[in-house]
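Here the structure comes first, spelled out in structure tokens, and everything after it is commentary.
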Amino acid sequence: MSDNKAYTRPAIALHWLMALMIIGGFAVGLYMTGLRLSPDKLKLYSWHKWSGITVLALALIRIGWRLSHPVPAPLPGQPLWQLRAAHYTHLALYVLILAIPLSGWLYSSASGYPVVYLGIKALRLPDLVAKDKELATALKQVHELLNWTMAALVTVHAAAALKHHLIDRDGTLRRMLPSR
């Protein structure tokens, strides 16, 4: 496969690292919210916040990489509607990988619980808003809605990749695999 048809190694690494972190953060988020208040629940909330801030930082790196390294041209023969659907799905995913961690940070701030990255006091992030119970309730709902939207879009994204790989057999998925 020629280089102009493949994603760069850094783009592939960022894609899969973020996919694992997002899926892991989502799973921890689902699990921790069902727990009773305990030291373990608080620890999971901290890990969830660290994961979200890491995803936010990686998202900024990934966007910078994407802006300086255009994606490969689409493979020939793809219908225009599929190209448009892929473009808008990717755009929505980029918006969500920024909006979800930011909404979580805002929710944490409004709840009065600071984000202390990796548990290091010197890495306490500033509160984005003042403590406000009503705002926290609204931001929690926003954070959850954005996460479920991300889950739906990731499902569509993965299904489309599998369709290209298993049905169309057109090489679309292979371009994003770590080992081609």
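Every chain in the structure tokens has a letter given in the order shown (A, B, ...), and although residue numbers restart at 1 in each chain, ligands are simply numbered from 1 in the order shown.
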Problem set entry | Spatial neighbours of stretch 87-95 of chain A, max dist 8 Å, only C-alpha atoms, sep filter under 2 positions, as JSON, numbers by chain | {"A": [59, 63, 83, 84, 85, 97, 98, 99, 150, 153, 154, 157]}
Exercise. Using only C-alpha atoms, which residue out of A:Pro126, A:Gly29, A:Gly171, A:Gly24 lies closest to A:Tyr45?
Worked result: A:Gly29
Exercise. Between atom CA of A:Pro74 and atom CA of A:Asp170, what is the spacing in Å?
Worked result: 10.6 Å
Exercise. What is the distance, in Å and to one decimal place, between atom CA of A:Tyr31 and atom CA of A:Arg62?
Worked result: 27.8 Å
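We find atom CA of A:Ala11 and atom CA of A:Leu173 to be spaced 13.7 Å apart.
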For this session: For A:Gln141, list every protein, DNA or RNA residue within 10 Å, evaluated using only C-alpha atoms, and leave out those in the same chain fewer than 5 positions away; present the list as a ChimeraX atom specification.
Result: /A:103,107,135-136,146-147
For the residues in the current selection, export all heavy atoms as an mmCIF file, in the first residue's frame.
data_model
loop_
_atom_site.group_PDB
_atom_site.id
_atom_site.type_symbol
_atom_site.label_atom_id
_atom_site.label_comp_id
_atom_site.auth_asym_id
_atom_site.auth_seq_id
_atom_site.Cartn_x
_atom_site.Cartn_y
_atom_site.Cartn_z
ATOM 1 N N SER A 103 -16.930 19.415 29.431
ATOM 2 C CA SER A 103 -18.183 19.379 30.193
ATOM 3 C C SER A 103 -17.975 18.688 31.535
ATOM 4 O O SER A 103 -18.568 19.089 32.543
ATOM 5 C CB SER A 103 -19.297 18.701 29.385
ATOM 6 O OG SER A 103 -19.066 17.308 29.249
ATOM 7 N N TYR A 107 -18.516 20.427 35.056
ATOM 8 C CA TYR A 107 -19.381 19.761 36.035
ATOM 9 C C TYR A 107 -18.658 19.611 37.371
ATOM 10 O O TYR A 107 -19.222 19.901 38.440
ATOM 11 C CB TYR A 107 -19.830 18.409 35.476
ATOM 12 C CG TYR A 107 -20.467 17.479 36.466
ATOM 13 C CD1 TYR A 107 -21.472 17.902 37.331
ATOM 14 C CD2 TYR A 107 -20.073 16.148 36.539
ATOM 15 C CE1 TYR A 107 -22.056 17.029 38.241
ATOM 16 C CE2 TYR A 107 -20.659 15.272 37.436
ATOM 17 C CZ TYR A 107 -21.639 15.716 38.284
ATOM 18 O OH TYR A 107 -22.220 14.848 39.179
ATOM 19 N N LEU A 135 -26.331 24.583 38.419
ATOM 20 C CA LEU A 135 -25.482 24.468 37.229
ATOM 21 C C LEU A 135 -24.843 23.082 37.172
ATOM 22 O O LEU A 135 -24.765 22.472 36.092
ATOM 23 C CB LEU A 135 -24.405 25.557 37.234
ATOM 24 C CG LEU A 135 -23.443 25.559 36.048
ATOM 25 C CD1 LEU A 135 -24.190 25.739 34.734
ATOM 26 C CD2 LEU A 135 -22.392 26.653 36.240
ATOM 27 N N ALA A 136 -24.429 22.560 38.314
ATOM 28 C CA ALA A 136 -23.833 21.223 38.358
ATOM 29 C C ALA A 136 -24.825 20.165 37.862
ATOM 30 O O ALA A 136 -24.450 19.273 37.096
ATOM 31 C CB ALA A 136 -23.359 20.889 39.765
ATOM 32 N N LEU A 146 -23.689 14.034 26.112
ATOM 33 C CA LEU A 146 -22.558 14.043 25.187
ATOM 34 C C LEU A 146 -21.883 12.671 25.136
ATOM 35 O O LEU A 146 -21.487 12.202 24.065
ATOM 36 C CB LEU A 146 -21.547 15.122 25.576
ATOM 37 C CG LEU A 146 -21.995 16.575 25.410
ATOM 38 C CD1 LEU A 146 -20.947 17.522 25.978
ATOM 39 C CD2 LEU A 146 -22.295 16.894 23.954
ATOM 40 N N ASN A 147 -21.764 12.021 26.284
ATOM 41 C CA ASN A 147 -21.153 10.693 26.314
ATOM 42 C C ASN A 147 -21.982 9.659 25.569
ATOM 43 O O ASN A 147 -21.436 8.830 24.838
ATOM 44 C CB ASN A 147 -20.897 10.244 27.757
ATOM 45 C CG ASN A 147 -19.567 10.720 28.253
ATOM 46 O OD1 ASN A 147 -18.536 10.145 27.898
ATOM 47 N ND2 ASN A 147 -19.557 11.777 29.054
#
